[in-house]
Amino acid sequence: MPIPASFPELLAPMTESEFFAEYHRRKPLHIKGAAKKLDGVMNWDALSSLLSQNSLWTQRSLELAWQLRKIPPQEYCTRGTDRDGRDNWLVDAEQLLGWLRRGASLVANDIGNLSAPLQQISAILEETAGGKAQANLYCSWQAHKGFGTHFDTHDVYALHVAGTKRWKVYQCAIPDPVAHPAFKGLPPEFHEKNHGPVSLDVLLEPGDILYIPRGWYHDALATSEATIHVAFGVTPVIGLDLVTQLFERAVHEPLFRAAVPAGAQAGGEKALAGHMAQLGDTLARLSRDPQLVQHFARFVSGYRYQRRQIRLPAEVLAQKKDTEAAE
C-alpha cells in the first residue's frame, strides 16, 4: 500500500497551513482519513513479522500493561543473552501470547527505525513538526484498558491502523511538561485529580490520526476485538536545552568556577546575593554571544535522529562502477 510521502499527505484532508495556524501545540485534533490511508505504515502481518524476530525484544523494548498496571518482566520474559551479549530479560513468545489472550496491552517501544515506512513517517514529522520523533506501537483488545488517564511530555501523533478505539482527551492541565522527575512517574491519584473536563471524545478507525499536544490528558479503550495504533512522539527543543549549552560555556568563565561567598566572614546573605547577580549577568551576556547563537541555531535545525535508508545492491554497485570508470 502507498505510504504518505509528505506532511500534507499525512494530514489530508486537513491542510498544513490550517494545522499550524490553529492546532499545533495549541489543542488536540482528530483527522478523519481514508480507510486504507495508513495500511502501508503498519498492519497485522507487519506486526506479526516484527514480533517473530525474537532477538529484538527485551523487557525495555516490549512492555505489557494489564488492568492499569505494568506487568513485571519476570512474568513474560526469561533470562538470557541479548544481541549485545549481555544478560537480560528476553521476551518469551509463549508467555507473551498468554498475557495477550488475557487482554494485556502490548507496547513495542522505539520502533521508528524497524521498517522503511516507519522511518519515512518519523522523518516527515521531524522535518515538518520540529523535534525528534520516536515511534511506539500499541496493540490492545476489546474492553481491556491497559493505561489510566495520563499526559505525555511530547506531542503525540497517533496513527490508527487496525480496529476501532475510543479516545477521550481532557482539557490541558499541565502546560509544556518535560521528561523530568517533576512530571514523570506521578501517581494515578494525581492524574485523576488534575485532569480537566473532556475536550474531545472520538472513535478512531483505520486511516484516522489523533494529534495531542504535550500536557493534554487522555485515555483510550478498544471498542473492537483487536486494535493497533502507532504513536509518534515529537519532542521539540526547549529552553532547558539552552541552559545545558550555557553550562558548557560557563565552565570556561572564572566567575562560575570560583567559590561562592559563604558564612558571616564572607559578607553573609548580602554578599551571596551580589555574587548570584553577577552570575546571572554573566549568563545573560553568554546567551547573547553571537557564536553561541549560531551554535544553538545549528542545534535547533539539526535536532532529529540520524536516519539513513541503505539500498543494496544498487548503492554499492553504482559506486563501484563510478570508481572503475574514474580509474
# chains A, B, ... in the order shown; residues from 1 in each chain; ligands from 1
call {"tool": "select_by_dssp", "arguments": {"residues": "stretch 116-229 of chain A", "states": "helix (DSSP H, G or I)", "output": "PyMOL selection string"}}
result
chain A and resi 116-130+188-194
call {"tool": "write_last_selection", "arguments": {"atoms": "N, CA and C atoms", "output": "PDB file, in the first residue's frame"}}
result
ATOM      1  N   ALA A 116      11.050   0.572   6.697  1.00  0.00           N
ATOM      2  CA  ALA A 116      11.132   1.770   5.856  1.00  0.00           C
ATOM      3  C   ALA A 116       9.909   2.677   6.014  1.00  0.00           C
ATOM      4  N   PRO A 117       8.678   2.141   6.083  1.00  0.00           N
ATOM      5  CA  PRO A 117       7.519   3.029   6.269  1.00  0.00           C
ATOM      6  C   PRO A 117       7.577   3.804   7.584  1.00  0.00           C
ATOM      7  N   LEU A 118       7.973   3.136   8.674  1.00  0.00           N
ATOM      8  CA  LEU A 118       8.062   3.824   9.962  1.00  0.00           C
ATOM      9  C   LEU A 118       9.159   4.884   9.933  1.00  0.00           C
ATOM     10  N   GLN A 119      10.262   4.580   9.266  1.00  0.00           N
ATOM     11  CA  GLN A 119      11.327   5.572   9.104  1.00  0.00           C
ATOM     12  C   GLN A 119      10.813   6.781   8.343  1.00  0.00           C
ATOM     13  N   GLN A 120      10.041   6.529   7.309  1.00  0.00           N
ATOM     14  CA  GLN A 120       9.554   7.627   6.464  1.00  0.00           C
ATOM     15  C   GLN A 120       8.634   8.556   7.234  1.00  0.00           C
ATOM     16  N   ILE A 121       7.698   8.002   7.992  1.00  0.00           N
ATOM     17  CA  ILE A 121       6.795   8.853   8.774  1.00  0.00           C
ATOM     18  C   ILE A 121       7.577   9.619   9.839  1.00  0.00           C
ATOM     19  N   SER A 122       8.530   8.947  10.486  1.00  0.00           N
ATOM     20  CA  SER A 122       9.353   9.612  11.504  1.00  0.00           C
ATOM     21  C   SER A 122      10.097  10.800  10.896  1.00  0.00           C
ATOM     22  N   ALA A 123      10.691  10.589   9.716  1.00  0.00           N
ATOM     23  CA  ALA A 123      11.457  11.655   9.067  1.00  0.00           C
ATOM     24  C   ALA A 123      10.548  12.816   8.662  1.00  0.00           C
ATOM     25  N   ILE A 124       9.338  12.511   8.176  1.00  0.00           N
ATOM     26  CA  ILE A 124       8.388  13.567   7.791  1.00  0.00           C
ATOM     27  C   ILE A 124       8.048  14.431   9.002  1.00  0.00           C
ATOM     28  N   LEU A 125       7.774  13.799  10.136  1.00  0.00           N
ATOM     29  CA  LEU A 125       7.415  14.552  11.340  1.00  0.00           C
ATOM     30  C   LEU A 125       8.595  15.374  11.849  1.00  0.00           C
ATOM     31  N   GLU A 126       9.796  14.815  11.816  1.00  0.00           N
ATOM     32  CA  GLU A 126      10.961  15.566  12.283  1.00  0.00           C
ATOM     33  C   GLU A 126      11.223  16.774  11.390  1.00  0.00           C
ATOM     34  N   GLU A 127      11.051  16.599  10.111  1.00  0.00           N
ATOM     35  CA  GLU A 127      11.328  17.677   9.168  1.00  0.00           C
ATOM     36  C   GLU A 127      10.318  18.813   9.296  1.00  0.00           C
ATOM     37  N   THR A 128       9.046  18.475   9.561  1.00  0.00           N
ATOM     38  CA  THR A 128       7.987  19.477   9.490  1.00  0.00           C
ATOM     39  C   THR A 128       7.469  19.908  10.859  1.00  0.00           C
ATOM     40  N   ALA A 129       7.301  18.962  11.773  1.00  0.00           N
ATOM     41  CA  ALA A 129       6.696  19.291  13.066  1.00  0.00           C
ATOM     42  C   ALA A 129       7.709  19.860  14.054  1.00  0.00           C
ATOM     43  N   GLY A 130       9.001  19.680  13.795  1.00  0.00           N
ATOM     44  CA  GLY A 130      10.016  20.318  14.623  1.00  0.00           C
ATOM     45  C   GLY A 130      10.344  19.560  15.885  1.00  0.00           C
ATOM     46  N   PRO A 188      -1.184   7.736  39.881  1.00  0.00           N
ATOM     47  CA  PRO A 188      -2.501   7.822  39.236  1.00  0.00           C
ATOM     48  C   PRO A 188      -3.448   8.775  39.961  1.00  0.00           C
ATOM     49  N   GLU A 189      -3.324   8.865  41.290  1.00  0.00           N
ATOM     50  CA  GLU A 189      -4.208   9.748  42.047  1.00  0.00           C
ATOM     51  C   GLU A 189      -4.032  11.202  41.621  1.00  0.00           C
ATOM     52  N   PHE A 190      -2.788  11.580  41.312  1.00  0.00           N
ATOM     53  CA  PHE A 190      -2.517  12.940  40.859  1.00  0.00           C
ATOM     54  C   PHE A 190      -3.230  13.203  39.537  1.00  0.00           C
ATOM     55  N   HIS A 191      -3.113  12.250  38.610  1.00  0.00           N
ATOM     56  CA  HIS A 191      -3.734  12.429  37.300  1.00  0.00           C
ATOM     57  C   HIS A 191      -5.256  12.502  37.399  1.00  0.00           C
ATOM     58  N   GLU A 192      -5.836  11.620  38.199  1.00  0.00           N
ATOM     59  CA  GLU A 192      -7.295  11.621  38.334  1.00  0.00           C
ATOM     60  C   GLU A 192      -7.804  12.931  38.919  1.00  0.00           C
ATOM     61  N   LYS A 193      -7.003  13.532  39.790  1.00  0.00           N
ATOM     62  CA  LYS A 193      -7.409  14.766  40.456  1.00  0.00           C
ATOM     63  C   LYS A 193      -7.216  15.992  39.574  1.00  0.00           C
ATOM     64  N   ASN A 194      -6.232  15.931  38.672  1.00  0.00           N
ATOM     65  CA  ASN A 194      -5.821  17.152  37.986  1.00  0.00           C
ATOM     66  C   ASN A 194      -6.261  17.277  36.533  1.00  0.00           C
TER      67      ASN A 194
END
call {"tool": "select_by_dssp", "arguments": {"residues": "stretch 86-283 of chain A", "states": "strand (DSSP E)", "output": "ChimeraX atom specification"}}
result
/A:87-91,105-108,132-141,155-162,165-170,198-204,209-212,218-222,226-235
call {"tool": "closest_residue", "arguments": {"among": "A:Asn109, A:Gln171, A:Gln294, A:Ser6", "to": "A:Leu56", "atoms": "only C-alpha atoms"}}
result
A:Asn109
call {"tool": "residues_around", "arguments": {"residues": "stretch 26-43 of chain A", "least_positions_apart": "6", "cutoff": "7 Å", "atoms": "only C-alpha atoms", "output": "list in words"}}
result
Met1, Pro2, Ile3, Met14, Pro117, Leu118, Val161, Ala162, Pro206, Gly207, Asp208, Ile209, Leu210, Tyr211, Ile212 and Pro213 of chain A
call {"tool": "residues_around", "arguments": {"residues": "A:Leu100", "least_positions_apart": "5", "cutoff": "12 Å", "atoms": "only C-alpha atoms", "output": "mmCIF file with all heavy atoms, in the first residue's frame"}}
result
data_model
loop_
_atom_site.group_PDB
_atom_site.id
_atom_site.type_symbol
_atom_site.label_atom_id
_atom_site.label_comp_id
_atom_site.auth_asym_id
_atom_site.auth_seq_id
_atom_site.Cartn_x
_atom_site.Cartn_y
_atom_site.Cartn_z
ATOM 1 N N GLU A 63 6.806 -3.972 26.304
ATOM 2 C CA GLU A 63 6.180 -3.942 27.628
ATOM 3 C C GLU A 63 4.730 -4.389 27.524
ATOM 4 O O GLU A 63 4.099 -4.271 26.462
ATOM 5 C CB GLU A 63 6.241 -2.525 28.219
ATOM 6 C CG GLU A 63 7.656 -2.023 28.441
ATOM 7 C CD GLU A 63 7.691 -0.595 28.962
ATOM 8 O OE1 GLU A 63 7.064 0.272 28.322
ATOM 9 O OE2 GLU A 63 8.337 -0.370 29.997
ATOM 10 N N LEU A 64 4.212 -4.880 28.633
ATOM 11 C CA LEU A 64 2.818 -5.279 28.719
ATOM 12 C C LEU A 64 2.137 -4.513 29.840
ATOM 13 O O LEU A 64 2.745 -4.254 30.883
ATOM 14 C CB LEU A 64 2.693 -6.782 28.996
ATOM 15 C CG LEU A 64 3.196 -7.742 27.920
ATOM 16 C CD1 LEU A 64 3.055 -9.187 28.404
ATOM 17 C CD2 LEU A 64 2.435 -7.547 26.610
ATOM 18 N N ALA A 65 0.881 -4.142 29.616
ATOM 19 C CA ALA A 65 0.081 -3.473 30.648
ATOM 20 C C ALA A 65 -1.253 -4.194 30.749
ATOM 21 O O ALA A 65 -1.867 -4.548 29.725
ATOM 22 C CB ALA A 65 -0.129 -2.007 30.304
ATOM 23 N N TRP A 66 -1.708 -4.393 31.977
ATOM 24 C CA TRP A 66 -2.952 -5.126 32.209
ATOM 25 C C TRP A 66 -3.631 -4.555 33.443
ATOM 26 O O TRP A 66 -3.010 -4.385 34.490
ATOM 27 C CB TRP A 66 -2.651 -6.611 32.414
ATOM 28 C CG TRP A 66 -3.844 -7.506 32.529
ATOM 29 C CD1 TRP A 66 -4.786 -7.732 31.578
ATOM 30 C CD2 TRP A 66 -4.207 -8.325 33.648
ATOM 31 N NE1 TRP A 66 -5.718 -8.645 32.025
ATOM 32 C CE2 TRP A 66 -5.385 -9.029 33.297
ATOM 33 C CE3 TRP A 66 -3.637 -8.535 34.912
ATOM 34 C CZ2 TRP A 66 -6.013 -9.906 34.168
ATOM 35 C CZ3 TRP A 66 -4.273 -9.416 35.775
ATOM 36 C CH2 TRP A 66 -5.441 -10.094 35.402
ATOM 37 N N ILE A 71 3.096 -5.116 33.640
ATOM 38 C CA ILE A 71 3.424 -6.490 34.012
ATOM 39 C C ILE A 71 4.925 -6.583 34.257
ATOM 40 O O ILE A 71 5.726 -6.171 33.413
ATOM 41 C CB ILE A 71 3.009 -7.472 32.898
ATOM 42 C CG1 ILE A 71 1.529 -7.297 32.553
ATOM 43 C CG2 ILE A 71 3.301 -8.912 33.308
ATOM 44 C CD1 ILE A 71 0.598 -7.504 33.704
ATOM 45 N N TYR A 76 6.675 -12.354 31.827
ATOM 46 C CA TYR A 76 6.526 -12.631 30.394
ATOM 47 C C TYR A 76 7.878 -12.769 29.688
ATOM 48 O O TYR A 76 7.936 -12.908 28.458
ATOM 49 C CB TYR A 76 5.676 -11.560 29.701
ATOM 50 C CG TYR A 76 6.294 -10.181 29.628
ATOM 51 C CD1 TYR A 76 6.958 -9.747 28.496
ATOM 52 C CD2 TYR A 76 6.200 -9.294 30.701
ATOM 53 C CE1 TYR A 76 7.513 -8.488 28.413
ATOM 54 C CE2 TYR A 76 6.747 -8.032 30.642
ATOM 55 C CZ TYR A 76 7.404 -7.625 29.497
ATOM 56 O OH TYR A 76 7.963 -6.367 29.434
ATOM 57 N N ALA A 93 7.933 -15.929 23.826
ATOM 58 C CA ALA A 93 6.767 -15.848 22.946
ATOM 59 C C ALA A 93 5.526 -16.480 23.561
ATOM 60 O O ALA A 93 4.422 -15.919 23.473
ATOM 61 C CB ALA A 93 7.081 -16.506 21.603
ATOM 62 N N GLU A 94 5.672 -17.649 24.189
ATOM 63 C CA GLU A 94 4.503 -18.327 24.743
ATOM 64 C C GLU A 94 3.917 -17.558 25.929
ATOM 65 O O GLU A 94 2.702 -17.433 26.065
ATOM 66 C CB GLU A 94 4.865 -19.758 25.147
ATOM 67 C CG GLU A 94 5.144 -20.674 23.965
ATOM 68 C CD GLU A 94 3.988 -20.719 22.977
ATOM 69 O OE1 GLU A 94 2.823 -20.735 23.411
ATOM 70 O OE2 GLU A 94 4.252 -20.704 21.759
ATOM 71 N N GLN A 95 4.791 -17.041 26.803
ATOM 72 C CA GLN A 95 4.295 -16.235 27.923
ATOM 73 C C GLN A 95 3.648 -14.954 27.428
ATOM 74 O O GLN A 95 2.624 -14.507 27.963
ATOM 75 C CB GLN A 95 5.444 -15.921 28.885
ATOM 76 C CG GLN A 95 6.013 -17.140 29.608
ATOM 77 C CD GLN A 95 7.033 -16.737 30.651
ATOM 78 O OE1 GLN A 95 6.715 -16.032 31.609
ATOM 79 N NE2 GLN A 95 8.276 -17.183 30.474
ATOM 80 N N SER A 105 -2.401 -5.243 27.140
ATOM 81 C CA SER A 105 -1.986 -4.376 26.036
ATOM 82 C C SER A 105 -0.492 -4.539 25.796
ATOM 83 O O SER A 105 0.297 -4.618 26.743
ATOM 84 C CB SER A 105 -2.300 -2.912 26.354
ATOM 85 O OG SER A 105 -3.691 -2.703 26.447
ATOM 86 N N LEU A 106 -0.116 -4.577 24.536
ATOM 87 C CA LEU A 106 1.295 -4.710 24.152
ATOM 88 C C LEU A 106 1.822 -3.359 23.715
ATOM 89 O O LEU A 106 1.155 -2.641 22.956
ATOM 90 C CB LEU A 106 1.411 -5.733 23.024
ATOM 91 C CG LEU A 106 2.789 -5.998 22.403
ATOM 92 C CD1 LEU A 106 2.831 -7.421 21.844
ATOM 93 C CD2 LEU A 106 3.099 -5.008 21.263
ATOM 94 N N VAL A 107 3.012 -3.003 24.188
ATOM 95 C CA VAL A 107 3.667 -1.760 23.781
ATOM 96 C C VAL A 107 5.040 -2.111 23.229
ATOM 97 O O VAL A 107 5.899 -2.611 23.962
ATOM 98 C CB VAL A 107 3.824 -0.776 24.950
ATOM 99 C CG1 VAL A 107 4.390 0.550 24.440
ATOM 100 C CG2 VAL A 107 2.511 -0.556 25.667
ATOM 101 N N CYS A 139 -0.859 -2.300 20.872
ATOM 102 C CA CYS A 139 -1.811 -3.323 20.431
ATOM 103 C C CYS A 139 -2.689 -3.662 21.631
ATOM 104 O O CYS A 139 -2.183 -4.058 22.684
ATOM 105 C CB CYS A 139 -1.058 -4.550 19.932
ATOM 106 S SG CYS A 139 -2.102 -5.969 19.560
ATOM 107 N N SER A 140 -4.001 -3.483 21.495
ATOM 108 C CA SER A 140 -4.893 -3.714 22.630
ATOM 109 C C SER A 140 -6.152 -4.408 22.166
ATOM 110 O O SER A 140 -6.445 -4.497 20.971
ATOM 111 C CB SER A 140 -5.221 -2.399 23.348
ATOM 112 O OG SER A 140 -5.701 -1.433 22.436
ATOM 113 N N TRP A 141 -6.949 -4.867 23.152
ATOM 114 C CA TRP A 141 -8.064 -5.767 22.900
ATOM 115 C C TRP A 141 -9.354 -5.194 23.476
ATOM 116 O O TRP A 141 -9.335 -4.414 24.420
ATOM 117 C CB TRP A 141 -7.754 -7.141 23.494
ATOM 118 C CG TRP A 141 -6.341 -7.540 23.190
ATOM 119 C CD1 TRP A 141 -5.244 -7.332 23.974
ATOM 120 C CD2 TRP A 141 -5.852 -8.119 21.968
ATOM 121 N NE1 TRP A 141 -4.100 -7.758 23.333
ATOM 122 C CE2 TRP A 141 -4.444 -8.254 22.097
ATOM 123 C CE3 TRP A 141 -6.473 -8.550 20.791
ATOM 124 C CZ2 TRP A 141 -3.655 -8.793 21.095
ATOM 125 C CZ3 TRP A 141 -5.676 -9.088 19.788
ATOM 126 C CH2 TRP A 141 -4.291 -9.205 19.938
ATOM 127 N N GLN A 142 -10.456 -5.609 22.926
ATOM 128 C CA GLN A 142 -11.747 -5.012 23.232
ATOM 129 C C GLN A 142 -12.039 -4.984 24.731
ATOM 130 O O GLN A 142 -11.915 -5.990 25.423
ATOM 131 C CB GLN A 142 -12.864 -5.777 22.520
ATOM 132 C CG GLN A 142 -14.223 -5.112 22.617
ATOM 133 C CD GLN A 142 -15.240 -5.784 21.716
ATOM 134 O OE1 GLN A 142 -15.151 -6.974 21.456
ATOM 135 N NE2 GLN A 142 -16.190 -5.020 21.214
ATOM 136 N N HIS A 144 -10.515 -3.952 27.210
ATOM 137 C CA HIS A 144 -9.416 -4.125 28.174
ATOM 138 C C HIS A 144 -8.577 -2.848 28.179
ATOM 139 O O HIS A 144 -7.928 -2.520 27.188
ATOM 140 C CB HIS A 144 -8.548 -5.330 27.813
ATOM 141 C CG HIS A 144 -9.219 -6.640 28.059
ATOM 142 N ND1 HIS A 144 -9.266 -7.231 29.306
ATOM 143 C CD2 HIS A 144 -9.875 -7.475 27.225
ATOM 144 C CE1 HIS A 144 -9.918 -8.376 29.228
ATOM 145 N NE2 HIS A 144 -10.304 -8.553 27.971
ATOM 146 N N GLY A 146 -5.475 -0.805 29.287
ATOM 147 C CA GLY A 146 -4.132 -1.041 29.802
ATOM 148 C C GLY A 146 -3.567 0.139 30.573
ATOM 149 O O GLY A 146 -2.756 -0.044 31.482
ATOM 150 N N GLU A 225 -12.503 -6.063 18.560
ATOM 151 C CA GLU A 225 -11.791 -7.207 19.134
ATOM 152 C C GLU A 225 -10.302 -6.963 19.291
ATOM 153 O O GLU A 225 -9.705 -7.350 20.292
ATOM 154 C CB GLU A 225 -12.013 -8.453 18.258
ATOM 155 C CG GLU A 225 -13.401 -9.059 18.389
ATOM 156 C CD GLU A 225 -13.533 -10.359 17.639
ATOM 157 O OE1 GLU A 225 -12.723 -10.588 16.717
ATOM 158 O OE2 GLU A 225 -14.423 -11.154 17.985
ATOM 159 N N ALA A 226 -9.674 -6.328 18.306
ATOM 160 C CA ALA A 226 -8.230 -6.118 18.343
ATOM 161 C C ALA A 226 -7.883 -4.814 17.642
ATOM 162 O O ALA A 226 -8.483 -4.486 16.613
ATOM 163 C CB ALA A 226 -7.510 -7.288 17.672
#
call {"tool": "closest_residue", "arguments": {"among": "A:Val91, A:Val237, A:Ala259, A:Ala46", "to": "A:Arg79", "atoms": "only C-alpha atoms"}}
result
A:Val91
call {"tool": "atom_distance", "arguments": {"atom1": "atom CA of A:Arg69", "atom2": "atom CA of A:Phe147"}}
result
7.2 Å
call {"tool": "closest_residue", "arguments": {"among": "A:Leu68, A:Ala108, A:Leu159, A:Leu246", "to": "A:Leu10", "atoms": "only C-alpha atoms"}}
result
A:Leu159
call {"tool": "residues_around", "arguments": {"residues": "A:Ala250", "least_positions_apart": "2", "cutoff": "12 Å", "atoms": "only C-alpha atoms", "output": "ChimeraX atom specification"}}
result
/A:242-248,252-258,279-287,292
call {"tool": "write_last_selection", "arguments": {"atoms": "N, CA and C atoms", "output": "PDB file, in the first residue's frame"}}
result
ATOM      1  N   LEU A 242      19.026  25.126  26.003  1.00  0.00           N
ATOM      2  CA  LEU A 242      19.960  26.256  26.012  1.00  0.00           C
ATOM      3  C   LEU A 242      20.702  26.312  27.339  1.00  0.00           C
ATOM      4  N   VAL A 243      20.006  26.042  28.438  1.00  0.00           N
ATOM      5  CA  VAL A 243      20.669  26.031  29.743  1.00  0.00           C
ATOM      6  C   VAL A 243      21.809  25.016  29.746  1.00  0.00           C
ATOM      7  N   THR A 244      21.590  23.857  29.133  1.00  0.00           N
ATOM      8  CA  THR A 244      22.644  22.844  29.050  1.00  0.00           C
ATOM      9  C   THR A 244      23.847  23.381  28.293  1.00  0.00           C
ATOM     10  N   GLN A 245      23.605  24.085  27.187  1.00  0.00           N
ATOM     11  CA  GLN A 245      24.725  24.623  26.421  1.00  0.00           C
ATOM     12  C   GLN A 245      25.394  25.778  27.153  1.00  0.00           C
ATOM     13  N   LEU A 246      24.613  26.551  27.885  1.00  0.00           N
ATOM     14  CA  LEU A 246      25.207  27.619  28.687  1.00  0.00           C
ATOM     15  C   LEU A 246      26.121  27.050  29.762  1.00  0.00           C
ATOM     16  N   PHE A 247      25.754  25.893  30.318  1.00  0.00           N
ATOM     17  CA  PHE A 247      26.610  25.251  31.319  1.00  0.00           C
ATOM     18  C   PHE A 247      27.992  24.968  30.724  1.00  0.00           C
ATOM     19  N   GLU A 248      28.004  24.445  29.492  1.00  0.00           N
ATOM     20  CA  GLU A 248      29.290  24.127  28.864  1.00  0.00           C
ATOM     21  C   GLU A 248      30.116  25.387  28.613  1.00  0.00           C
ATOM     22  N   HIS A 252      34.068  27.720  31.236  1.00  0.00           N
ATOM     23  CA  HIS A 252      35.268  28.481  30.864  1.00  0.00           C
ATOM     24  C   HIS A 252      35.292  29.891  31.461  1.00  0.00           C
ATOM     25  N   GLU A 253      34.291  30.216  32.274  1.00  0.00           N
ATOM     26  CA  GLU A 253      34.230  31.523  32.929  1.00  0.00           C
ATOM     27  C   GLU A 253      34.757  31.399  34.359  1.00  0.00           C
ATOM     28  N   PRO A 254      35.825  32.138  34.706  1.00  0.00           N
ATOM     29  CA  PRO A 254      36.381  32.033  36.074  1.00  0.00           C
ATOM     30  C   PRO A 254      35.337  32.283  37.157  1.00  0.00           C
ATOM     31  N   LEU A 255      34.392  33.195  36.916  1.00  0.00           N
ATOM     32  CA  LEU A 255      33.393  33.514  37.933  1.00  0.00           C
ATOM     33  C   LEU A 255      32.578  32.278  38.309  1.00  0.00           C
ATOM     34  N   PHE A 256      32.274  31.413  37.346  1.00  0.00           N
ATOM     35  CA  PHE A 256      31.475  30.230  37.632  1.00  0.00           C
ATOM     36  C   PHE A 256      32.292  29.122  38.289  1.00  0.00           C
ATOM     37  N   ARG A 257      33.612  29.229  38.206  1.00  0.00           N
ATOM     38  CA  ARG A 257      34.457  28.225  38.862  1.00  0.00           C
ATOM     39  C   ARG A 257      34.860  28.656  40.267  1.00  0.00           C
ATOM     40  N   ALA A 258      34.641  29.920  40.579  1.00  0.00           N
ATOM     41  CA  ALA A 258      35.035  30.443  41.891  1.00  0.00           C
ATOM     42  C   ALA A 258      34.046  29.989  42.961  1.00  0.00           C
ATOM     43  N   LEU A 279      26.571  36.294  38.584  1.00  0.00           N
ATOM     44  CA  LEU A 279      26.431  35.063  37.805  1.00  0.00           C
ATOM     45  C   LEU A 279      25.305  35.209  36.773  1.00  0.00           C
ATOM     46  N   GLY A 280      24.173  35.781  37.199  1.00  0.00           N
ATOM     47  CA  GLY A 280      23.060  35.977  36.280  1.00  0.00           C
ATOM     48  C   GLY A 280      23.415  36.910  35.145  1.00  0.00           C
ATOM     49  N   ASP A 281      24.125  37.999  35.458  1.00  0.00           N
ATOM     50  CA  ASP A 281      24.537  38.937  34.415  1.00  0.00           C
ATOM     51  C   ASP A 281      25.471  38.262  33.415  1.00  0.00           C
ATOM     52  N   THR A 282      26.349  37.398  33.916  1.00  0.00           N
ATOM     53  CA  THR A 282      27.281  36.701  33.030  1.00  0.00           C
ATOM     54  C   THR A 282      26.537  35.723  32.124  1.00  0.00           C
ATOM     55  N   LEU A 283      25.539  35.037  32.669  1.00  0.00           N
ATOM     56  CA  LEU A 283      24.739  34.140  31.845  1.00  0.00           C
ATOM     57  C   LEU A 283      24.006  34.912  30.754  1.00  0.00           C
ATOM     58  N   ALA A 284      23.490  36.092  31.104  1.00  0.00           N
ATOM     59  CA  ALA A 284      22.804  36.915  30.111  1.00  0.00           C
ATOM     60  C   ALA A 284      23.760  37.311  28.997  1.00  0.00           C
ATOM     61  N   ARG A 285      25.008  37.672  29.392  1.00  0.00           N
ATOM     62  CA  ARG A 285      26.000  38.033  28.366  1.00  0.00           C
ATOM     63  C   ARG A 285      26.321  36.844  27.469  1.00  0.00           C
ATOM     64  N   LEU A 286      26.506  35.682  28.091  1.00  0.00           N
ATOM     65  CA  LEU A 286      26.831  34.489  27.303  1.00  0.00           C
ATOM     66  C   LEU A 286      25.707  34.124  26.338  1.00  0.00           C
ATOM     67  N   SER A 287      24.458  34.287  26.779  1.00  0.00           N
ATOM     68  CA  SER A 287      23.334  33.899  25.921  1.00  0.00           C
ATOM     69  C   SER A 287      23.197  34.807  24.717  1.00  0.00           C
ATOM     70  N   LEU A 292      27.473  31.630  20.277  1.00  0.00           N
ATOM     71  CA  LEU A 292      26.535  30.713  20.906  1.00  0.00           C
ATOM     72  C   LEU A 292      25.197  30.722  20.173  1.00  0.00           C
TER      73      LEU A 292
END
call {"tool": "closest_residue", "arguments": {"among": "A:Ala222, A:Ile228, A:Leu114, A:Val251", "to": "A:Ala143", "atoms": "only C-alpha atoms"}}
result
A:Ala222
call {"tool": "atom_distance", "arguments": {"atom1": "atom CA of A:Leu96", "atom2": "atom CA of A:Asp219"}}
result
23.6 Å
call {"tool": "closest_residue", "arguments": {"among": "A:Cys77, A:Val230, A:Cys172, A:Ala179", "to": "A:Trp216", "atoms": "only C-alpha atoms"}}
result
A:Cys172
call {"tool": "closest_residue", "arguments": {"among": "A:Thr223, A:Ser61, A:Thr149, A:Ser52", "to": "A:Leu137", "atoms": "only C-alpha atoms"}}
result
A:Ser61
